[in-house]
>>> print(open('model15.cif').read())   # mmCIF, C-alpha atoms; chains and numbers go by the auth columns
data_target
loop_
_atom_site.group_PDB
_atom_site.id
_atom_site.type_symbol
_atom_site.label_atom_id
_atom_site.label_comp_id
_atom_site.label_asym_id
_atom_site.label_seq_id
_atom_site.Cartn_x
_atom_site.Cartn_y
_atom_site.Cartn_z
_atom_site.B_iso_or_equiv
_atom_site.auth_seq_id
_atom_site.auth_asym_id
ATOM 1 C CA MET A 1 226.710 -38.551 -9.961 0.00 1 A
ATOM 2 C CA LYS A 2 228.698 -41.742 -10.518 0.00 2 A
ATOM 3 C CA ASN A 3 225.834 -43.789 -8.999 0.00 3 A
ATOM 4 C CA LEU A 4 223.331 -42.006 -11.241 0.00 4 A
ATOM 5 C CA LYS A 5 225.390 -42.907 -14.335 0.00 5 A
ATOM 6 C CA THR A 6 225.637 -46.524 -13.172 0.00 6 A
ATOM 7 C CA ILE A 7 221.894 -46.720 -12.606 0.00 7 A
ATOM 8 C CA ALA A 8 221.162 -45.101 -15.987 0.00 8 A
ATOM 9 C CA LEU A 9 223.527 -47.540 -17.708 0.00 9 A
ATOM 10 C CA ALA A 10 221.886 -50.489 -15.951 0.00 10 A
ATOM 11 C CA VAL A 11 218.425 -49.294 -17.044 0.00 11 A
ATOM 12 C CA ILE A 12 219.583 -48.888 -20.661 0.00 12 A
ATOM 13 C CA VAL A 13 221.126 -52.389 -20.676 0.00 13 A
ATOM 14 C CA ALA A 14 217.986 -53.852 -19.123 0.00 14 A
ATOM 15 C CA LEU A 15 215.717 -52.137 -21.646 0.00 15 A
ATOM 16 C CA GLY A 16 218.001 -53.143 -24.495 0.00 16 A
ATOM 17 C CA SER A 17 217.818 -56.796 -23.520 0.00 17 A
ATOM 18 C CA PHE A 18 214.024 -56.635 -23.214 0.00 18 A
ATOM 19 C CA THR A 19 212.576 -57.135 -26.670 0.00 19 A
ATOM 20 C CA THR A 20 209.010 -57.405 -27.748 0.00 20 A
ATOM 21 C CA THR A 21 208.107 -59.684 -30.577 0.00 21 A
ATOM 22 C CA ALA A 22 205.710 -58.032 -32.959 0.00 22 A
ATOM 23 C CA GLN A 23 203.085 -60.019 -34.779 0.00 23 A
ATOM 24 C CA THR A 24 203.853 -60.523 -38.453 0.00 24 A
ATOM 25 C CA ASN A 25 201.558 -61.667 -41.211 0.00 25 A
ATOM 26 C CA LYS A 26 203.038 -64.148 -43.651 0.00 26 A
ATOM 27 C CA LYS A 27 201.461 -65.023 -46.980 0.00 27 A
ATOM 28 C CA ILE A 28 201.098 -68.725 -47.629 0.00 28 A
ATOM 29 C CA ASP A 29 202.773 -70.180 -50.693 0.00 29 A
ATOM 30 C CA THR A 30 199.657 -71.187 -52.652 0.00 30 A
ATOM 31 C CA LYS A 31 201.693 -73.451 -54.981 0.00 31 A
ATOM 32 C CA LYS A 32 203.321 -75.433 -52.162 0.00 32 A
ATOM 33 C CA SER A 33 200.398 -75.414 -49.718 0.00 33 A
ATOM 34 C CA SER A 34 197.779 -78.115 -50.274 0.00 34 A
ATOM 35 C CA ILE A 35 194.334 -79.322 -49.296 0.00 35 A
ATOM 36 C CA THR A 36 193.270 -82.931 -49.754 0.00 36 A
ATOM 37 C CA TRP A 37 189.702 -84.092 -49.201 0.00 37 A
ATOM 38 C CA VAL A 38 188.009 -87.405 -48.491 0.00 38 A
ATOM 39 C CA GLY A 39 184.274 -87.925 -48.897 0.00 39 A
ATOM 40 C CA LYS A 40 182.738 -91.188 -47.741 0.00 40 A
ATOM 41 C CA LYS A 41 179.659 -93.102 -48.795 0.00 41 A
ATOM 42 C CA VAL A 42 178.165 -96.418 -47.732 0.00 42 A
ATOM 43 C CA THR A 43 179.971 -98.327 -50.487 0.00 43 A
ATOM 44 C CA GLY A 44 183.377 -96.616 -50.265 0.00 44 A
ATOM 45 C CA GLN A 45 184.987 -93.219 -50.544 0.00 45 A
ATOM 46 C CA HIS A 46 186.516 -90.732 -52.956 0.00 46 A
ATOM 47 C CA SER A 47 189.451 -88.398 -52.493 0.00 47 A
ATOM 48 C CA GLY A 48 190.975 -85.432 -54.203 0.00 48 A
ATOM 49 C CA THR A 49 192.461 -81.976 -53.924 0.00 49 A
ATOM 50 C CA ILE A 50 191.407 -78.325 -53.789 0.00 50 A
ATOM 51 C CA ASN A 51 193.773 -75.367 -54.208 0.00 51 A
ATOM 52 C CA PHE A 52 194.298 -72.243 -52.147 0.00 52 A
ATOM 53 C CA SER A 53 193.894 -68.951 -53.984 0.00 53 A
ATOM 54 C CA ASP A 54 195.178 -66.817 -51.086 0.00 54 A
ATOM 55 C CA GLY A 55 196.029 -66.972 -47.420 0.00 55 A
ATOM 56 C CA THR A 56 197.819 -65.242 -44.592 0.00 56 A
ATOM 57 C CA ILE A 57 199.006 -66.635 -41.286 0.00 57 A
ATOM 58 C CA ALA A 58 199.732 -64.355 -38.297 0.00 58 A
ATOM 59 C CA ILE A 59 202.789 -65.251 -36.237 0.00 59 A
ATOM 60 C CA ASN A 60 204.096 -63.770 -33.008 0.00 60 A
ATOM 61 C CA GLY A 61 207.547 -65.160 -32.248 0.00 61 A
ATOM 62 C CA LYS A 62 207.218 -68.935 -32.528 0.00 62 A
ATOM 63 C CA SER A 63 203.477 -68.881 -31.940 0.00 63 A
ATOM 64 C CA ILE A 64 200.745 -68.876 -34.583 0.00 64 A
ATOM 65 C CA ARG A 65 198.194 -66.223 -33.605 0.00 65 A
ATOM 66 C CA GLY A 66 195.662 -66.233 -36.431 0.00 66 A
ATOM 67 C CA GLY A 67 195.058 -66.390 -40.135 0.00 67 A
ATOM 68 C CA SER A 68 192.620 -66.237 -43.002 0.00 68 A
ATOM 69 C CA PHE A 69 192.499 -68.369 -46.126 0.00 69 A
ATOM 70 C CA VAL A 70 190.652 -68.394 -49.433 0.00 70 A
ATOM 71 C CA VAL A 71 190.095 -71.632 -51.348 0.00 71 A
ATOM 72 C CA ASP A 72 189.494 -71.840 -55.094 0.00 72 A
ATOM 73 C CA MET A 73 186.437 -74.121 -55.237 0.00 73 A
ATOM 74 C CA THR A 74 186.654 -74.309 -59.043 0.00 74 A
ATOM 75 C CA SER A 75 189.856 -76.334 -58.550 0.00 75 A
ATOM 76 C CA ILE A 76 188.060 -79.348 -57.012 0.00 76 A
ATOM 77 C CA ASN A 77 189.815 -82.380 -58.424 0.00 77 A
ATOM 78 C CA THR A 78 189.132 -86.068 -57.858 0.00 78 A
ATOM 79 C CA THR A 79 192.381 -88.036 -57.593 0.00 79 A
ATOM 80 C CA ASP A 80 191.158 -91.585 -56.961 0.00 80 A
ATOM 81 C CA LEU A 81 189.409 -91.950 -60.347 0.00 81 A
ATOM 82 C CA GLU A 82 190.993 -91.951 -63.786 0.00 82 A
ATOM 83 C CA ALA A 83 189.980 -89.863 -66.771 0.00 83 A
ATOM 84 C CA GLY A 84 187.314 -91.690 -68.756 0.00 84 A
ATOM 85 C CA LYS A 85 186.493 -93.880 -65.755 0.00 85 A
ATOM 86 C CA GLY A 86 184.204 -91.616 -63.742 0.00 86 A
ATOM 87 C CA LYS A 87 186.577 -88.771 -62.855 0.00 87 A
ATOM 88 C CA GLU A 88 184.933 -86.146 -65.085 0.00 88 A
ATOM 89 C CA LYS A 89 181.459 -87.144 -63.909 0.00 89 A
ATOM 90 C CA LEU A 90 182.334 -86.850 -60.207 0.00 90 A
ATOM 91 C CA ASP A 91 184.305 -83.603 -60.683 0.00 91 A
ATOM 92 C CA GLY A 92 181.348 -82.114 -62.547 0.00 92 A
ATOM 93 C CA HIS A 93 178.876 -83.258 -59.911 0.00 93 A
ATOM 94 C CA LEU A 94 180.953 -81.794 -57.052 0.00 94 A
ATOM 95 C CA LYS A 95 181.130 -78.459 -58.913 0.00 95 A
ATOM 96 C CA ALA A 96 177.379 -78.473 -59.684 0.00 96 A
ATOM 97 C CA ASP A 97 174.656 -76.864 -57.569 0.00 97 A
ATOM 98 C CA ASP A 98 173.908 -80.224 -55.839 0.00 98 A
ATOM 99 C CA PHE A 99 177.226 -79.852 -54.069 0.00 99 A
ATOM 100 C CA PHE A 100 179.447 -76.741 -54.106 0.00 100 A
ATOM 101 C CA GLY A 101 177.847 -74.682 -56.930 0.00 101 A
ATOM 102 C CA VAL A 102 181.205 -73.254 -57.995 0.00 102 A
ATOM 103 C CA ASP A 103 179.755 -71.081 -60.769 0.00 103 A
ATOM 104 C CA LYS A 104 177.885 -69.042 -58.153 0.00 104 A
ATOM 105 C CA TYR A 105 180.269 -69.669 -55.229 0.00 105 A
ATOM 106 C CA PRO A 106 183.810 -69.881 -56.654 0.00 106 A
ATOM 107 C CA THR A 107 185.566 -69.494 -53.290 0.00 107 A
ATOM 108 C CA ALA A 108 185.327 -70.758 -49.731 0.00 108 A
ATOM 109 C CA LYS A 109 186.905 -68.947 -46.788 0.00 109 A
ATOM 110 C CA LEU A 110 188.267 -69.829 -43.384 0.00 110 A
ATOM 111 C CA GLU A 111 189.019 -67.144 -40.814 0.00 111 A
ATOM 112 C CA ILE A 112 190.644 -67.998 -37.501 0.00 112 A
ATOM 113 C CA LYS A 113 188.769 -66.339 -34.644 0.00 113 A
ATOM 114 C CA LEU A 114 190.501 -67.778 -31.581 0.00 114 A
ATOM 115 C CA ILE A 115 193.692 -69.759 -31.188 0.00 115 A
ATOM 116 C CA SER A 116 195.339 -71.147 -28.073 0.00 116 A
ATOM 117 C CA ASP A 117 198.903 -72.388 -27.923 0.00 117 A
ATOM 118 C CA ASN A 118 199.222 -75.809 -26.280 0.00 118 A
ATOM 119 C CA GLY A 119 202.961 -75.249 -25.773 0.00 119 A
ATOM 120 C CA ASP A 120 203.959 -78.345 -27.725 0.00 120 A
ATOM 121 C CA GLY A 121 203.784 -77.025 -31.281 0.00 121 A
ATOM 122 C CA THR A 122 200.027 -77.583 -31.489 0.00 122 A
ATOM 123 C CA PHE A 123 197.276 -74.996 -31.354 0.00 123 A
ATOM 124 C CA ASN A 124 193.552 -75.347 -30.669 0.00 124 A
ATOM 125 C CA VAL A 125 191.743 -73.336 -33.325 0.00 125 A
ATOM 126 C CA SER A 126 188.228 -71.924 -33.484 0.00 126 A
ATOM 127 C CA ALA A 127 187.418 -70.516 -36.902 0.00 127 A
ATOM 128 C CA ASN A 128 184.572 -69.487 -39.171 0.00 128 A
ATOM 129 C CA LEU A 129 184.264 -71.494 -42.371 0.00 129 A
ATOM 130 C CA THR A 130 182.226 -70.042 -45.226 0.00 130 A
ATOM 131 C CA ILE A 131 181.002 -72.307 -48.025 0.00 131 A
ATOM 132 C CA LYS A 132 178.242 -71.245 -50.449 0.00 132 A
ATOM 133 C CA ASP A 133 177.881 -67.940 -48.545 0.00 133 A
ATOM 134 C CA GLN A 134 176.950 -69.810 -45.359 0.00 134 A
ATOM 135 C CA THR A 135 179.249 -69.364 -42.370 0.00 135 A
ATOM 136 C CA ASN A 136 179.559 -71.822 -39.502 0.00 136 A
ATOM 137 C CA PRO A 137 182.077 -72.302 -36.699 0.00 137 A
ATOM 138 C CA VAL A 138 184.626 -75.122 -36.918 0.00 138 A
ATOM 139 C CA THR A 139 187.262 -76.297 -34.448 0.00 139 A
ATOM 140 C CA PHE A 140 190.451 -78.229 -35.116 0.00 140 A
ATOM 141 C CA THR A 141 194.053 -78.679 -34.016 0.00 141 A
ATOM 142 C CA LEU A 142 196.793 -76.990 -36.018 0.00 142 A
ATOM 143 C CA LYS A 143 200.309 -78.398 -35.740 0.00 143 A
ATOM 144 C CA SER A 144 203.307 -76.229 -36.500 0.00 144 A
ATOM 145 C CA THR A 145 205.806 -78.587 -38.111 0.00 145 A
ATOM 146 C CA SER A 146 208.570 -75.975 -38.550 0.00 146 A
ATOM 147 C CA ARG A 147 209.012 -72.192 -38.605 0.00 147 A
ATOM 148 C CA SER A 148 207.445 -72.117 -42.078 0.00 148 A
ATOM 149 C CA THR A 149 204.952 -75.015 -42.196 0.00 149 A
ATOM 150 C CA ALA A 150 201.828 -76.180 -40.401 0.00 150 A
ATOM 151 C CA THR A 151 199.272 -78.965 -40.820 0.00 151 A
ATOM 152 C CA ALA A 152 195.676 -79.539 -39.761 0.00 152 A
ATOM 153 C CA THR A 153 192.918 -82.069 -40.265 0.00 153 A
ATOM 154 C CA LEU A 154 189.299 -81.069 -39.890 0.00 154 A
ATOM 155 C CA LYS A 155 185.903 -82.588 -40.462 0.00 155 A
ATOM 156 C CA VAL A 156 183.179 -80.495 -42.058 0.00 156 A
ATOM 157 C CA ASP A 157 179.445 -81.246 -41.972 0.00 157 A
ATOM 158 C CA ARG A 158 178.388 -80.331 -45.510 0.00 158 A
ATOM 159 C CA THR A 159 174.690 -80.153 -44.593 0.00 159 A
ATOM 160 C CA LYS A 160 175.388 -77.013 -42.509 0.00 160 A
ATOM 161 C CA TYR A 161 176.253 -75.323 -45.816 0.00 161 A
ATOM 162 C CA GLY A 162 173.092 -76.392 -47.633 0.00 162 A
ATOM 163 C CA ILE A 163 174.722 -79.409 -49.320 0.00 163 A
ATOM 164 C CA LYS A 164 172.139 -82.139 -48.720 0.00 164 A
ATOM 165 C CA TYR A 165 172.497 -84.327 -51.833 0.00 165 A
ATOM 166 C CA GLY A 166 172.492 -88.011 -50.851 0.00 166 A
ATOM 167 C CA SER A 167 172.328 -87.240 -47.131 0.00 167 A
ATOM 168 C CA GLY A 168 170.660 -89.897 -45.009 0.00 168 A
ATOM 169 C CA SER A 169 169.856 -87.122 -42.533 0.00 169 A
ATOM 170 C CA PHE A 170 167.447 -85.552 -45.049 0.00 170 A
ATOM 171 C CA PHE A 171 166.352 -88.325 -47.409 0.00 171 A
ATOM 172 C CA ASP A 172 164.862 -91.756 -46.694 0.00 172 A
ATOM 173 C CA GLY A 173 165.418 -94.897 -48.712 0.00 173 A
ATOM 174 C CA LEU A 174 168.912 -94.076 -50.008 0.00 174 A
ATOM 175 C CA GLY A 175 170.255 -97.480 -49.040 0.00 175 A
ATOM 176 C CA ASP A 176 173.784 -97.930 -50.356 0.00 176 A
ATOM 177 C CA LYS A 177 173.539 -94.578 -52.218 0.00 177 A
ATOM 178 C CA ALA A 178 173.803 -92.589 -48.960 0.00 178 A
ATOM 179 C CA ILE A 179 176.733 -90.186 -48.697 0.00 179 A
ATOM 180 C CA SER A 180 178.246 -89.213 -45.341 0.00 180 A
ATOM 181 C CA ASP A 181 177.326 -85.735 -44.122 0.00 181 A
ATOM 182 C CA GLU A 182 180.938 -85.110 -43.098 0.00 182 A
ATOM 183 C CA PHE A 183 183.951 -84.805 -45.336 0.00 183 A
ATOM 184 C CA GLU A 184 187.530 -84.579 -44.124 0.00 184 A
ATOM 185 C CA LEU A 185 190.130 -82.001 -45.099 0.00 185 A
ATOM 186 C CA THR A 186 193.862 -82.377 -44.576 0.00 186 A
ATOM 187 C CA VAL A 187 195.647 -79.051 -44.899 0.00 187 A
ATOM 188 C CA ASN A 188 199.376 -78.487 -45.364 0.00 188 A
ATOM 189 C CA LEU A 189 200.450 -74.845 -45.139 0.00 189 A
ATOM 190 C CA VAL A 190 203.771 -73.508 -46.377 0.00 190 A
ATOM 191 C CA PHE A 191 204.483 -69.855 -45.565 0.00 191 A
#
>>> encode(input="model15.cif", output="structure tokens")
Amino acid sequence: MKNLKTIALAVIVALGSFTTTAQTNKKIDTKKSSITWVGKKVTGQHSGTINFSDGTIAINGKSIRGGSFVVDMTSINTTDLEAGKGKEKLDGHLKADDFFGVDKYPTAKLEIKLISDNGDGTFNVSANLTIKDQTNPVTFTLKSTSRSTATATLKVDRTKYGIKYGSGSFFDGLGDKAISDEFELTVNLVF
């Protein structure tokens, strides 16, 4: 009987020390999280910001396991031009149907489909990005910078979302008016 009690106690201690870490979903702080963009053309580049409207990141222990994010496309803002010196014109053009058509498509979405932990605080991410109701796969590396922040940089081919304005891939004779098909996003998440 004494041995049975000892064995039972050992099992209870062993089970008590074995813990499972449940996945938790954390909302991102949309005010502290940020997205910056860079679009390039033959004669230079422009940069700016776009705001999140919502987002959730799934965490299991110290590992990021997934997430989904909604971006407010009406918040597109050019930061390298000053008011009265081309800023309003470029902001308006980016919001127009030639580019993101924000009246009809006010949000863009990214949903993580597959994520693998590299073991060094970085994660290889495969996701679906939806812009103008067109969804395409994207891949990028996400870096967890602390228990409540992460960063990523990704390149997006705008022509896959029907945004062909000024694209040398679709129009001849653009010369120095050609705009790169890819734009770059730098994302800082706070959750």
>>> closest_residue(input="model15.cif", among="A:Phe140, A:Phe183, A:Phe191, A:Phe69", to="A:Trp37", atoms="all atoms listed in the file")
A:Phe183
>>> residues_around(input="model15.cif", residues="A:Asp54", least_positions_apart="3", cutoff="9 Å", atoms="only C-alpha atoms", output="short mmCIF file (atom, residue, chain, number, x, y, z; two decimals) with C-alpha atoms, keeping the file's coordinate frame")
data_model
loop_
_atom_site.label_atom_id
_atom_site.label_comp_id
_atom_site.auth_asym_id
_atom_site.auth_seq_id
_atom_site.Cartn_x
_atom_site.Cartn_y
_atom_site.Cartn_z
CA LYS A 27 201.46 -65.02 -46.98
CA ILE A 28 201.10 -68.72 -47.63
CA ASP A 29 202.77 -70.18 -50.69
CA THR A 30 199.66 -71.19 -52.65
CA SER A 68 192.62 -66.24 -43.00
CA PHE A 69 192.50 -68.37 -46.13
CA VAL A 70 190.65 -68.39 -49.43
CA VAL A 71 190.10 -71.63 -51.35
CA ASP A 72 189.49 -71.84 -55.09
#
>>> atom_distance(input="model15.cif", atom1="atom CA of A:Val42", atom2="atom CA of A:Asp172")
14.1 Å
>>> resolve_selection(input="model15.cif", expression="the PyMOL selection byres ((chain A and resi 128) around 6)", output="ChimeraX atom specification")
/A:110-111,127,129,136-137
>>> atom_distance(input="model15.cif", atom1="atom CA of A:Met73", atom2="atom CA of A:Lys109")
9.9 Å
